[in-house]
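K.L.:
Please find run.txt (compact mmCIF, C-alpha atoms) on the next line:
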```
# COMPACT_ATOMS: atom_id res chain seq x y z
CA MET A 1 72.47 -32.52 -46.58
CA ALA A 2 71.61 -32.51 -42.89
CA LEU A 3 68.23 -31.34 -41.70
CA PRO A 4 67.97 -28.16 -39.66
CA THR A 5 68.29 -28.60 -35.93
CA TYR A 6 64.93 -26.99 -35.13
CA THR A 7 63.12 -29.74 -37.12
CA ILE A 8 64.96 -32.66 -35.48
CA ARG A 9 64.70 -31.59 -31.82
CA PRO A 10 60.87 -31.49 -31.58
CA ALA A 11 60.67 -34.92 -33.24
CA LEU A 12 63.28 -36.39 -30.88
CA ARG A 13 61.53 -34.87 -27.90
CA CYS A 14 58.20 -36.50 -28.89
CA LEU A 15 59.86 -39.90 -29.44
CA ARG A 16 61.60 -39.77 -26.07
CA ARG A 17 58.34 -38.83 -24.31
CA ALA A 18 56.19 -41.51 -26.02
CA PRO A 19 57.23 -44.49 -23.81
CA ALA A 20 56.57 -42.46 -20.67
CA LEU A 21 52.99 -41.69 -21.73
CA GLY A 22 51.93 -45.33 -22.15
CA SER A 23 51.93 -48.10 -19.60
CA GLY A 24 53.97 -50.45 -21.82
CA SER A 25 54.90 -51.29 -25.35
CA ILE A 26 52.14 -51.46 -27.92
CA SER A 27 51.66 -54.91 -29.42
CA SER A 28 51.20 -55.06 -33.14
CA SER A 29 48.94 -58.11 -32.95
CA HIS A 30 46.30 -56.29 -30.94
CA SER A 31 46.38 -52.96 -32.74
CA PHE A 32 43.05 -53.50 -34.56
CA LYS A 33 41.31 -55.57 -31.89
CA THR A 34 37.92 -54.14 -30.82
CA THR A 35 36.63 -56.84 -28.44
CA THR A 36 37.90 -57.72 -24.98
CA SER A 37 38.84 -61.18 -23.79
CA LYS A 38 36.86 -63.11 -21.16
CA GLN A 39 39.55 -62.50 -18.59
CA ASP A 40 39.40 -58.75 -19.17
CA GLU A 41 35.59 -58.79 -18.99
CA ALA A 42 35.65 -60.63 -15.67
CA THR A 43 38.12 -58.13 -14.29
CA VAL A 44 35.99 -55.18 -15.37
CA GLU A 45 32.85 -56.65 -13.84
CA THR A 46 34.56 -57.40 -10.53
CA THR A 47 36.00 -53.91 -10.33
CA THR A 48 32.65 -52.29 -11.13
CA SER A 49 30.74 -54.34 -8.57
CA ASN A 50 33.23 -53.55 -5.77
CA THR A 51 33.23 -49.80 -6.42
CA PRO A 52 31.60 -48.03 -3.43
CA PRO A 53 28.83 -45.50 -4.12
CA PRO A 54 29.92 -41.88 -4.26
CA PRO A 55 29.63 -40.08 -0.93
CA PRO A 56 26.83 -37.52 -0.56
CA LEU A 57 27.76 -33.97 -1.34
CA ASP A 58 28.45 -31.80 1.69
CA LEU A 59 26.78 -28.64 0.46
CA ASP A 60 27.67 -25.46 2.28
CA PRO A 61 25.40 -22.42 1.69
CA ASN A 62 28.53 -20.23 1.83
CA THR A 63 30.43 -22.01 -0.95
CA VAL A 64 27.96 -23.51 -3.47
CA SER A 65 28.67 -21.85 -6.79
CA THR A 66 26.65 -23.66 -9.49
CA ARG A 67 22.95 -23.65 -10.25
CA ARG A 68 22.75 -27.42 -9.77
CA GLU A 69 24.29 -27.22 -6.29
CA GLU A 70 21.98 -24.35 -5.35
CA ARG A 71 18.88 -26.32 -6.36
CA LEU A 72 20.19 -29.43 -4.58
CA LEU A 73 20.90 -27.44 -1.41
CA LEU A 74 17.41 -25.98 -1.41
CA ARG A 75 15.80 -29.37 -2.10
CA THR A 76 17.77 -31.43 0.45
CA LYS A 77 18.32 -28.98 3.32
CA GLY A 78 15.74 -26.28 2.61
CA VAL A 79 18.45 -23.58 2.94
CA HIS A 80 19.02 -20.73 0.51
CA PRO A 81 22.59 -19.86 -0.60
CA ILE A 82 24.21 -16.93 1.16
CA GLY A 83 25.31 -13.94 -0.89
CA SER A 84 26.01 -13.79 -4.60
CA ARG A 85 27.33 -16.67 -6.70
CA ARG A 86 30.54 -14.73 -7.43
CA ARG A 87 31.19 -14.29 -3.70
CA ARG A 88 30.60 -17.98 -2.99
CA ALA A 89 32.95 -19.00 -5.81
CA ALA A 90 35.64 -16.70 -4.38
CA LEU A 91 35.27 -18.20 -0.90
CA GLN A 92 36.10 -21.67 -2.25
CA SER A 93 39.68 -20.61 -3.06
CA SER A 94 40.21 -18.24 -0.13
CA ASP A 95 42.03 -18.89 3.14
CA ASN A 96 38.83 -18.32 5.20
CA VAL A 97 40.27 -15.28 6.95
CA PRO A 98 37.56 -13.46 8.95
CA PHE A 99 36.42 -10.29 7.24
CA GLU A 100 37.33 -8.04 10.17
CA GLN A 101 40.87 -9.53 10.26
CA MET A 102 41.81 -8.93 6.65
CA PRO A 103 45.59 -8.21 6.47
CA TYR A 104 45.38 -4.79 4.86
CA GLN A 105 46.88 -1.90 6.77
CA CYS A 106 44.65 0.76 5.21
CA PHE A 107 41.57 -1.32 6.00
CA GLN A 108 42.57 -1.82 9.64
CA GLU A 109 43.42 1.86 10.11
CA ALA A 110 40.04 2.85 8.67
CA ARG A 111 38.32 0.45 11.07
CA LYS A 112 40.05 2.19 14.00
CA VAL A 113 38.68 5.57 12.85
CA LEU A 114 35.18 4.10 12.48
CA GLN A 115 35.42 2.51 15.94
CA GLU A 116 36.26 5.89 17.51
CA ASP A 117 33.28 7.48 15.75
CA ARG A 118 31.03 4.67 16.98
CA GLU A 119 32.15 5.15 20.58
CA SER A 120 31.29 8.86 20.39
CA LYS A 121 27.84 7.98 19.01
CA LEU A 122 27.28 5.51 21.84
CA GLU A 123 28.06 8.26 24.35
CA GLN A 124 25.48 10.51 22.67
CA ILE A 125 22.94 7.67 22.82
CA THR A 126 23.51 7.24 26.55
CA GLU A 127 23.14 10.97 27.15
CA MET A 128 19.96 11.15 25.06
CA ARG A 129 18.40 8.31 27.06
CA ARG A 130 19.13 10.19 30.26
CA ARG A 131 17.45 13.31 28.88
CA ILE A 132 14.39 11.35 27.78
CA ALA A 133 14.07 9.78 31.24
CA ARG A 134 14.41 13.22 32.86
CA TRP A 135 11.75 14.77 30.60
CA GLN A 136 9.33 11.94 31.36
CA ASN A 137 9.49 12.77 35.06
CA ILE A 138 8.91 16.53 34.58
CA PRO A 139 5.29 17.63 35.17
CA ALA A 140 3.38 18.72 32.09
CA GLU A 141 2.66 22.16 33.57
CA GLU A 142 6.38 23.00 33.59
CA CYS A 143 6.78 21.95 29.93
CA GLY A 144 4.00 24.11 28.51
CA GLY A 145 1.23 21.55 28.61
CA GLU A 146 0.69 17.89 27.83
CA VAL A 147 0.81 18.43 24.06
CA ALA A 148 4.15 20.26 24.21
CA LYS A 149 5.65 17.59 26.47
CA LYS A 150 4.49 14.78 24.19
CA GLY A 151 5.86 16.54 21.10
CA LYS A 152 9.22 17.07 22.77
CA LEU A 153 9.46 13.40 23.76
CA VAL A 154 8.56 12.28 20.22
CA ARG A 155 11.31 14.45 18.72
CA MET A 156 13.86 13.20 21.24
CA GLN A 157 12.92 9.58 20.60
CA LYS A 158 13.22 10.13 16.85
CA TYR A 159 16.69 11.62 17.28
CA LEU A 160 17.66 8.66 19.47
CA GLU A 161 16.72 6.23 16.68
CA GLU A 162 18.79 8.28 14.23
CA LEU A 163 21.82 8.03 16.52
CA LYS A 164 21.44 4.24 16.66
CA ILE A 165 21.57 4.12 12.88
CA LEU A 166 24.52 6.53 12.60
CA ALA A 167 26.52 4.45 15.09
CA ASP A 168 26.59 1.45 12.74
CA ILE A 169 25.96 2.87 9.27
CA ASN A 170 29.67 2.86 8.28
CA ASP A 171 30.65 -0.46 9.83
CA PRO A 172 31.87 -2.79 7.01
CA VAL A 173 30.96 -5.89 9.03
CA ILE A 174 27.36 -4.67 9.32
CA LYS A 175 27.15 -4.08 5.57
CA LYS A 176 28.69 -7.48 4.83
CA ARG A 177 26.17 -9.29 7.03
CA PHE A 178 23.32 -7.39 5.40
CA GLU A 179 24.50 -8.21 1.88
CA ASP A 180 24.83 -11.86 2.87
CA GLY A 181 21.21 -11.88 4.09
CA MET A 182 22.19 -12.48 7.72
CA GLY A 183 21.01 -9.20 9.21
CA ASP A 184 18.89 -9.11 12.38
CA MET A 185 15.76 -7.08 11.63
CA ASN A 186 15.34 -6.37 15.33
CA ARG A 187 18.22 -3.87 15.05
CA PRO A 188 17.48 -0.39 13.62
CA ILE A 189 20.49 -0.42 11.29
CA TYR A 190 19.35 -3.52 9.38
CA ARG A 191 15.80 -2.17 9.08
CA HIS A 192 17.24 1.09 7.73
CA LEU A 193 19.41 -0.69 5.14
CA ALA A 194 16.51 -2.91 4.06
CA ASP A 195 14.27 0.14 3.68
CA GLN A 196 16.87 1.91 1.54
CA LYS A 197 17.32 -1.14 -0.68
CA TRP A 198 13.55 -1.48 -1.17
CA ARG A 199 13.08 2.20 -2.00
CA ALA A 200 15.95 2.16 -4.50
CA TYR A 201 14.15 -0.11 -6.98
CA LYS A 202 11.18 -2.21 -5.87
CA ARG A 203 9.13 0.68 -4.52
CA LEU A 204 9.77 2.72 -7.67
CA LEU A 205 8.60 -0.21 -9.80
CA LEU A 206 5.47 -0.61 -7.68
CA MET A 207 4.58 3.09 -7.91
CA GLN A 208 5.08 2.95 -11.68
CA ARG A 209 2.63 0.05 -11.97
CA ILE A 210 0.14 1.82 -9.71
CA SER A 211 0.26 4.88 -11.97
CA GLN A 212 0.17 2.93 -15.25
CA MET A 213 -2.80 0.77 -14.23
CA HIS A 214 -4.70 3.67 -12.65
CA ILE A 215 -5.06 2.12 -9.22
CA VAL A 216 -5.06 5.73 -8.10
CA PRO A 217 -7.72 7.18 -8.38
CA ASP A 218 -9.88 4.20 -9.48
CA ILE A 219 -9.72 2.48 -6.07
CA LEU A 220 -8.34 5.06 -3.65
CA ALA A 221 -7.31 8.69 -3.85
CA HIS A 222 -3.74 8.38 -2.60
CA ILE A 223 -1.29 5.75 -1.33
CA ASP A 224 2.21 6.04 0.14
CA PRO A 225 3.58 2.51 0.65
CA THR A 226 5.86 2.15 3.68
CA ALA A 227 6.01 -1.68 3.83
CA GLU A 228 7.31 -4.12 1.23
CA VAL A 229 4.69 -6.63 0.08
CA SER A 230 5.73 -9.67 -1.96
CA LEU A 231 3.16 -12.03 -3.48
CA GLY A 232 3.39 -15.55 -4.81
CA PHE A 233 1.38 -18.65 -5.65
CA GLY A 234 3.10 -21.85 -4.56
CA ARG A 235 6.73 -21.64 -5.66
CA ARG A 236 6.09 -18.89 -8.21
CA ASN A 237 6.78 -15.29 -7.26
CA VAL A 238 4.63 -12.67 -8.98
CA GLN A 239 5.96 -9.27 -10.04
CA PRO A 240 3.71 -6.18 -9.78
CA GLY A 241 1.28 -6.07 -12.70
CA GLU A 242 2.14 -9.53 -14.03
CA PHE A 243 -0.47 -11.73 -15.72
CA VAL A 244 -1.25 -14.85 -13.68
CA ASP A 245 -2.89 -17.95 -15.12
CA SER A 246 -6.30 -18.71 -13.61
CA ARG A 247 -5.19 -22.24 -12.67
CA VAL A 248 -2.23 -20.81 -10.75
CA SER A 249 -4.31 -18.23 -8.84
CA GLU A 250 -7.01 -20.78 -7.97
CA MET A 251 -5.31 -21.49 -4.65
CA PRO A 252 -4.88 -18.74 -2.02
CA ALA A 253 -1.79 -16.60 -2.38
CA ARG A 254 1.07 -16.30 0.06
CA LEU A 255 2.29 -12.87 1.15
CA ASN A 256 5.52 -11.64 2.65
CA ILE A 257 4.98 -8.33 4.48
CA GLN A 258 8.21 -6.63 5.55
CA VAL A 259 7.74 -3.58 7.78
CA PHE A 260 10.68 -1.32 8.60
CA ASP A 261 9.65 0.14 11.96
CA LYS A 262 9.93 -1.66 15.26
CA GLY A 263 7.09 -3.35 17.09
CA GLU A 264 4.23 -5.67 16.29
CA ARG A 265 1.01 -4.41 14.75
CA PHE A 266 -2.23 -5.87 13.39
CA VAL A 267 -3.07 -5.52 9.71
CA SER A 268 -5.96 -6.33 7.42
CA ILE A 269 -5.54 -7.84 3.95
CA ALA A 270 -8.03 -7.09 1.19
CA VAL A 271 -7.93 -8.43 -2.37
CA MET A 272 -10.34 -6.72 -4.75
CA ASP A 273 -11.14 -6.60 -8.45
CA PRO A 274 -12.26 -3.16 -9.74
CA ASP A 275 -12.97 -4.37 -13.31
CA VAL A 276 -16.12 -6.46 -12.89
CA PRO A 277 -18.52 -5.85 -15.84
CA ASP A 278 -21.94 -4.52 -14.80
CA GLU A 279 -24.35 -5.18 -17.68
CA GLU A 280 -27.32 -3.47 -16.04
CA ARG A 281 -25.54 -0.15 -15.56
CA ASP A 282 -23.28 -0.52 -18.61
CA THR A 283 -20.18 0.15 -16.46
CA PHE A 284 -17.64 -1.62 -14.31
CA GLY A 285 -18.06 -2.52 -10.66
CA SER A 286 -15.88 -4.10 -7.98
CA ARG A 287 -15.69 -7.43 -6.18
CA CYS A 288 -13.89 -8.51 -2.99
CA HIS A 289 -11.96 -11.76 -3.51
CA PHE A 290 -10.49 -11.98 -0.02
CA LEU A 291 -10.74 -10.11 3.27
CA ALA A 292 -9.03 -10.91 6.58
CA VAL A 293 -8.35 -8.83 9.70
CA ASN A 294 -6.29 -8.97 12.92
CA ILE A 295 -3.17 -10.47 11.30
CA PRO A 296 -0.02 -9.88 13.44
CA VAL A 297 3.01 -8.56 11.54
CA SER A 298 6.45 -7.49 12.81
CA PRO A 299 9.93 -6.88 11.30
CA THR A 300 10.87 -10.50 12.05
CA SER A 301 7.46 -12.14 11.44
CA THR A 302 6.76 -11.48 7.76
CA SER A 303 5.26 -14.61 6.16
CA VAL A 304 1.46 -14.60 5.77
CA PRO A 305 0.09 -17.64 3.88
CA LEU A 306 -3.58 -16.84 3.30
CA SER A 307 -4.52 -20.52 3.25
CA LYS A 308 -3.37 -21.02 6.86
CA LEU A 309 -5.26 -18.14 8.49
CA ASN A 310 -7.84 -19.03 11.13
CA LYS A 311 -11.37 -18.78 9.73
CA ASP A 312 -12.97 -17.79 13.04
CA ASN A 313 -10.42 -15.16 14.14
CA HIS A 314 -9.28 -13.61 10.86
CA ILE A 315 -11.22 -14.37 7.68
CA VAL A 316 -14.26 -12.30 6.71
CA TYR A 317 -14.42 -13.35 3.03
CA PRO A 318 -12.55 -16.57 2.05
CA TRP A 319 -10.44 -16.76 -1.10
CA LEU A 320 -12.39 -16.49 -4.35
CA PRO A 321 -10.33 -17.43 -7.46
CA PRO A 322 -9.81 -14.46 -9.80
CA TYR A 323 -11.47 -14.92 -13.18
CA ALA A 324 -12.53 -12.98 -16.25
CA GLN A 325 -15.28 -13.79 -18.76
CA LYS A 326 -14.38 -14.54 -22.35
CA GLY A 327 -14.24 -11.39 -24.46
CA ALA A 328 -13.89 -9.05 -21.45
CA PRO A 329 -10.70 -6.99 -20.95
CA TYR A 330 -8.15 -8.06 -18.36
CA HIS A 331 -8.97 -7.63 -14.67
CA ARG A 332 -6.73 -5.87 -12.16
CA LEU A 333 -6.39 -7.60 -8.78
CA ALA A 334 -5.21 -5.21 -6.08
CA VAL A 335 -3.86 -6.60 -2.80
CA PHE A 336 -3.92 -4.06 0.04
CA VAL A 337 -2.23 -4.36 3.44
CA ILE A 338 -4.05 -2.06 5.87
CA GLN A 339 -2.67 -1.21 9.29
CA GLN A 340 -5.18 -1.20 12.15
CA ASP A 341 -4.38 1.74 14.43
CA LYS A 342 -5.04 1.74 18.14
CA THR A 343 -8.30 3.33 19.19
CA SER A 344 -10.18 4.02 22.41
CA PHE A 345 -12.34 0.94 21.71
CA SER A 346 -9.34 -1.37 21.14
CA ALA A 347 -6.00 -0.85 22.86
CA ASP A 348 -4.09 -3.08 20.42
CA GLY A 349 -6.03 -2.23 17.24
CA ARG A 350 -8.03 -5.44 16.94
CA VAL A 351 -11.33 -5.46 15.06
CA ASP A 352 -14.38 -7.47 16.11
CA VAL A 353 -14.67 -10.07 13.35
CA GLU A 354 -18.30 -11.04 14.07
CA THR A 355 -19.46 -7.43 14.00
CA LEU A 356 -17.58 -6.83 10.77
CA ARG A 357 -19.13 -9.90 9.14
CA LYS A 358 -22.63 -8.75 10.03
CA SER A 359 -22.01 -5.26 8.69
CA MET A 360 -20.36 -6.49 5.48
CA GLY A 361 -22.85 -9.30 4.80
CA ARG A 362 -22.22 -12.10 2.34
CA ARG A 363 -22.32 -9.92 -0.74
CA ARG A 364 -18.90 -9.52 -2.31
CA GLU A 365 -20.07 -7.41 -5.24
CA ARG A 366 -19.71 -3.62 -5.26
CA PHE A 367 -17.06 -3.69 -2.55
CA SER A 368 -15.73 -0.20 -1.79
CA PHE A 369 -12.27 0.17 -0.33
CA ARG A 370 -12.97 3.73 0.77
CA ARG A 371 -16.14 2.67 2.58
CA PHE A 372 -14.36 -0.21 4.29
CA THR A 373 -11.56 1.93 5.77
CA GLN A 374 -13.75 4.94 6.58
CA GLY A 375 -14.29 5.46 10.28
CA LYS A 376 -12.16 2.48 11.38
CA ASN A 377 -8.77 4.19 11.95
CA MET A 378 -7.19 2.17 9.16
CA HIS A 379 -4.72 3.27 6.51
CA PRO A 380 -2.93 1.26 3.77
CA ILE A 381 0.80 0.73 4.34
CA GLY A 382 1.55 -1.51 1.34
CA MET A 383 0.06 -3.13 -1.71
CA HIS A 384 0.68 -5.49 -4.61
CA LEU A 385 -1.22 -6.11 -7.82
CA PHE A 386 -1.48 -8.65 -10.60
CA ARG A 387 -3.73 -9.16 -13.62
CA SER A 388 -6.02 -11.93 -14.74
CA LYS A 389 -7.64 -12.66 -18.11
CA TRP A 390 -9.65 -15.43 -19.72
CA ASP A 391 -7.57 -18.50 -20.63
CA ASP A 392 -8.03 -22.20 -21.32
CA GLY A 393 -8.33 -23.08 -17.63
CA THR A 394 -10.85 -20.43 -16.61
CA ASP A 395 -13.94 -22.58 -17.25
CA GLY A 396 -12.66 -25.37 -15.01
CA VAL A 397 -11.66 -22.93 -12.25
CA VAL A 398 -15.07 -21.23 -12.05
CA GLN A 399 -16.91 -24.56 -12.18
CA ARG A 400 -14.90 -25.93 -9.27
CA ALA A 401 -15.57 -22.72 -7.32
CA ASP A 402 -19.36 -22.84 -8.10
CA ILE A 403 -19.36 -19.34 -9.58
CA GLU A 404 -22.52 -18.32 -11.41
CA GLY A 405 -22.43 -16.65 -14.79
CA PHE A 406 -19.14 -18.18 -15.91
CA ASN A 407 -20.58 -19.12 -19.32
CA VAL A 408 -21.19 -15.48 -20.28
CA GLU A 409 -19.23 -14.30 -23.31
CA PHE A 410 -18.80 -10.64 -24.18
CA THR A 411 -18.65 -9.59 -27.81
CA ARG A 412 -18.09 -6.21 -29.34
CA LYS A 413 -21.17 -4.66 -30.83
CA LYS A 414 -20.67 -3.74 -34.46
CA PRO A 415 -21.42 -0.10 -35.22
CA GLU A 416 -24.53 0.49 -37.28
CA LYS A 417 -23.89 1.80 -40.76
CA LEU A 418 -25.35 5.15 -41.71
CA PRO A 419 -28.20 4.93 -44.24
CA TYR A 420 -27.00 5.46 -47.79
CA LYS A 421 -28.41 8.61 -49.30
CA LYS A 422 -28.38 8.71 -53.07
CA LYS A 423 -27.42 12.06 -54.39
CA ASP A 424 -28.83 13.72 -57.47
CA GLY A 425 -26.69 12.77 -60.45
CA ALA A 426 -27.61 15.92 -62.40
CA ARG A 427 -25.23 18.02 -60.34
CA TYR A 428 -22.25 15.96 -61.55
CA ARG A 429 -23.06 16.39 -65.27
```
Would you kindly transcribe this structure into structure tokens?

P.N.:
Amino acid sequence: MALPTYTIRPALRCLRRAPALGSGSISSSHSFKTTTSKQDEATVETTTSNTPPPPPLDLDPNTVSTRREERLLLRTKGVHPIGSRRRRAALQSSDNVPFEQMPYQCFQEARKVLQEDRESKLEQITEMRRRIARWQNIPAEECGGEVAKKGKLVRMQKYLEELKILADINDPVIKKRFEDGMGDMNRPIYRHLADQKWRAYKRLLLMQRISQMHIVPDILAHIDPTAEVSLGFGRRNVQPGEFVDSRVSEMPARLNIQVFDKGERFVSIAVMDPDVPDEERDTFGSRCHFLAVNIPVSPTSTSVPLSKLNKDNHIVYPWLPPYAQKGAPYHRLAVFVIQQDKTSFSADGRVDVETLRKSMGRRRERFSFRRFTQGKNMHPIGMHLFRSKWDDGTDGVVQRADIEGFNVEFTRKKPEKLPYKKKDGARYR
């Protein structure tokens, strides 16, 4: 009886394909041989020694798509990857067509409509600049006074900035460059997009932490952050309200202050602890861990490493490592960024550091944020906060910083028991 065809054909196909898979016939005498001959060994060694080393990887920040390549790119070139990992993986298999030249008819037609709208906005910008220049040359008496003229110019300038944003808000190329982290913060549109992105999540998280940890009203009565403040120690970024090990916070922090309005301004940075135990008054006091003034900040100049500030021109109180005694509750460390407004005494908002040092003295304890900003035309524009508690490295940190009273341990006082009063047993008979 012949076998079915469907069972023979697969077997024949495998037998016909077997010689093509191997380099030659298989010898039966060497089928169970596990060692190589001397000639084979010599050949292997010669081939291995003549193999050239692998060429270095040409890492492109636009196309790296693995975590290993991202770390290698940052370590070798000091450049961060551009965009998301999914976008970079897609660019590896694309034809590298420029974004504005994508061959989609609907996309190109939409770009034509957006270009017409942008041209009309540019005409309005030109006309508004002419009106502002004309109003600046009109005498104040004809405008209803100096105050009315100034108010009119402020409103016109504000509308001009809005037109600059509306001219580019719908441009897909602008949004692509912003999402790729290549936006120019000197342009109003990129500052507007960055402000919207910050307010969508990070500012909400910061305000939640401020409310949960009672920064308001313990330290100040009200705060409306308008600048993004990021904090880190070394290579570690700290989220608002996060616990930081005392050995990590021993070195001065680094700040990144991103403002969203144009121009350079001077700011002060204050780091204070409002949870310092006061045994004499049986309450909590405050301590200033860092204070610096006259720090220039702009939309493009955002990095402020506290360890690199000039001691003579900026620093009032140098960095004091945050610490907490054993048994005490955790300490809140609030980092305030305070804008120095222009005054009649200082045209650019600078503060006299020597005068401030004399008025503040060397005493860090009982530092009051309200007293510091009162009468100096200062207002907070951003803040950050983290927490510190006693850990295994606290003793070493305070000893290296020569801090007195580090060996104090707080213990809970046990409540006194009420005296036992024996009742008359006759009433229970």

K.L.:
For region 386-403 of chain A, find every residue with an atom within 12 Å (counting all atoms listed in the file), except residues of its own chain fewer than 3 positions away, and show them as a VMD selection string.

P.N.:
chain A and resid 206 209 to 210 213 215 230 to 233 237 to 251 253 271 to 276 318 to 336 383 406 to 410

K.L.:
CA of Ile132 (chain A) and CA of Lys164 (chain A) are how many Å apart?

P.N.:
15.0 Å

K.L.:
Taking all atoms listed in the file into account, which of A:Arg75, A:Phe372, A:Gly285, A:Pro81 comes nearest Pro61 (chain A)?

P.N.:
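Of A:Arg75, A:Phe372, A:Gly285, A:Pro81, the one nearest Pro61 (chain A) is A:Pro81, counting all atoms listed in the file.
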
K.L.:
Go ahead and compute the interatomic distance for CA of Glu365 (chain A) and CA of Val297 (chain A), in Å to one decimal.

P.N.:
28.6 Å

K.L.:
Expressed in Å to a single decimal, how great is the separation between CA of Gly78 (chain A) and CA of Pro188 (chain A)?

P.N.:
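Computed distance, CA of Gly78 (chain A) to CA of Pro188 (chain A), equals 28.2 Å.
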
K.L.:
Starting from the incomplete input, reconstruct N, CA and C atoms of region 126-143 of chain A and write that as a PDB file, keeping the file's coordinate frame.

P.N.:
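Dumped to rebuild.pdb:
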```
ATOM      1  N   THR A 126      23.695   7.330  25.095  1.00  0.00           N
ATOM      2  CA  THR A 126      23.510   7.240  26.550  1.00  0.00           C
ATOM      3  C   THR A 126      23.014   8.555  27.121  1.00  0.00           C
ATOM      4  N   GLU A 127      23.582   9.661  26.660  1.00  0.00           N
ATOM      5  CA  GLU A 127      23.140  10.970  27.150  1.00  0.00           C
ATOM      6  C   GLU A 127      21.699  11.270  26.732  1.00  0.00           C
ATOM      7  N   MET A 128      21.318  10.898  25.518  1.00  0.00           N
ATOM      8  CA  MET A 128      19.960  11.150  25.060  1.00  0.00           C
ATOM      9  C   MET A 128      18.952  10.319  25.854  1.00  0.00           C
ATOM     10  N   ARG A 129      19.300   9.118  26.227  1.00  0.00           N
ATOM     11  CA  ARG A 129      18.400   8.310  27.060  1.00  0.00           C
ATOM     12  C   ARG A 129      18.209   8.917  28.432  1.00  0.00           C
ATOM     13  N   ARG A 130      19.265   9.505  28.981  1.00  0.00           N
ATOM     14  CA  ARG A 130      19.130  10.190  30.260  1.00  0.00           C
ATOM     15  C   ARG A 130      18.185  11.390  30.140  1.00  0.00           C
ATOM     16  N   ARG A 131      18.323  12.145  29.065  1.00  0.00           N
ATOM     17  CA  ARG A 131      17.450  13.310  28.880  1.00  0.00           C
ATOM     18  C   ARG A 131      15.995  12.898  28.704  1.00  0.00           C
ATOM     19  N   ILE A 132      15.763  11.818  27.966  1.00  0.00           N
ATOM     20  CA  ILE A 132      14.390  11.350  27.780  1.00  0.00           C
ATOM     21  C   ILE A 132      13.789  10.916  29.115  1.00  0.00           C
ATOM     22  N   ALA A 133      14.573  10.196  29.929  1.00  0.00           N
ATOM     23  CA  ALA A 133      14.070   9.780  31.240  1.00  0.00           C
ATOM     24  C   ALA A 133      13.801  10.981  32.133  1.00  0.00           C
ATOM     25  N   ARG A 134      14.636  12.022  32.051  1.00  0.00           N
ATOM     26  CA  ARG A 134      14.410  13.220  32.860  1.00  0.00           C
ATOM     27  C   ARG A 134      13.161  13.974  32.422  1.00  0.00           C
ATOM     28  N   TRP A 135      12.933  14.072  31.093  1.00  0.00           N
ATOM     29  CA  TRP A 135      11.750  14.770  30.600  1.00  0.00           C
ATOM     30  C   TRP A 135      10.464  14.008  30.927  1.00  0.00           C
ATOM     31  N   GLN A 136      10.532  12.699  31.008  1.00  0.00           N
ATOM     32  CA  GLN A 136       9.330  11.940  31.360  1.00  0.00           C
ATOM     33  C   GLN A 136       8.888  12.173  32.788  1.00  0.00           C
ATOM     34  N   ASN A 137       9.823  12.541  33.663  1.00  0.00           N
ATOM     35  CA  ASN A 137       9.490  12.770  35.060  1.00  0.00           C
ATOM     36  C   ASN A 137       9.097  14.219  35.339  1.00  0.00           C
ATOM     37  N   ILE A 138       9.282  15.119  34.383  1.00  0.00           N
ATOM     38  CA  ILE A 138       8.910  16.530  34.580  1.00  0.00           C
ATOM     39  C   ILE A 138       7.411  16.682  34.424  1.00  0.00           C
ATOM     40  N   PRO A 139       6.738  17.412  35.319  1.00  0.00           N
ATOM     41  CA  PRO A 139       5.290  17.630  35.170  1.00  0.00           C
ATOM     42  C   PRO A 139       4.962  18.372  33.881  1.00  0.00           C
ATOM     43  N   ALA A 140       3.770  18.115  33.364  1.00  0.00           N
ATOM     44  CA  ALA A 140       3.380  18.720  32.090  1.00  0.00           C
ATOM     45  C   ALA A 140       3.202  20.226  32.200  1.00  0.00           C
ATOM     46  N   GLU A 141       2.856  20.718  33.411  1.00  0.00           N
ATOM     47  CA  GLU A 141       2.660  22.160  33.570  1.00  0.00           C
ATOM     48  C   GLU A 141       3.962  22.927  33.368  1.00  0.00           C
ATOM     49  N   GLU A 142       5.093  22.325  33.743  1.00  0.00           N
ATOM     50  CA  GLU A 142       6.380  23.000  33.590  1.00  0.00           C
ATOM     51  C   GLU A 142       6.907  22.935  32.161  1.00  0.00           C
ATOM     52  N   CYS A 143       6.317  22.100  31.324  1.00  0.00           N
ATOM     53  CA  CYS A 143       6.780  21.950  29.930  1.00  0.00           C
ATOM     54  C   CYS A 143       5.903  22.698  28.937  1.00  0.00           C
TER      55      CYS A 143
END
```
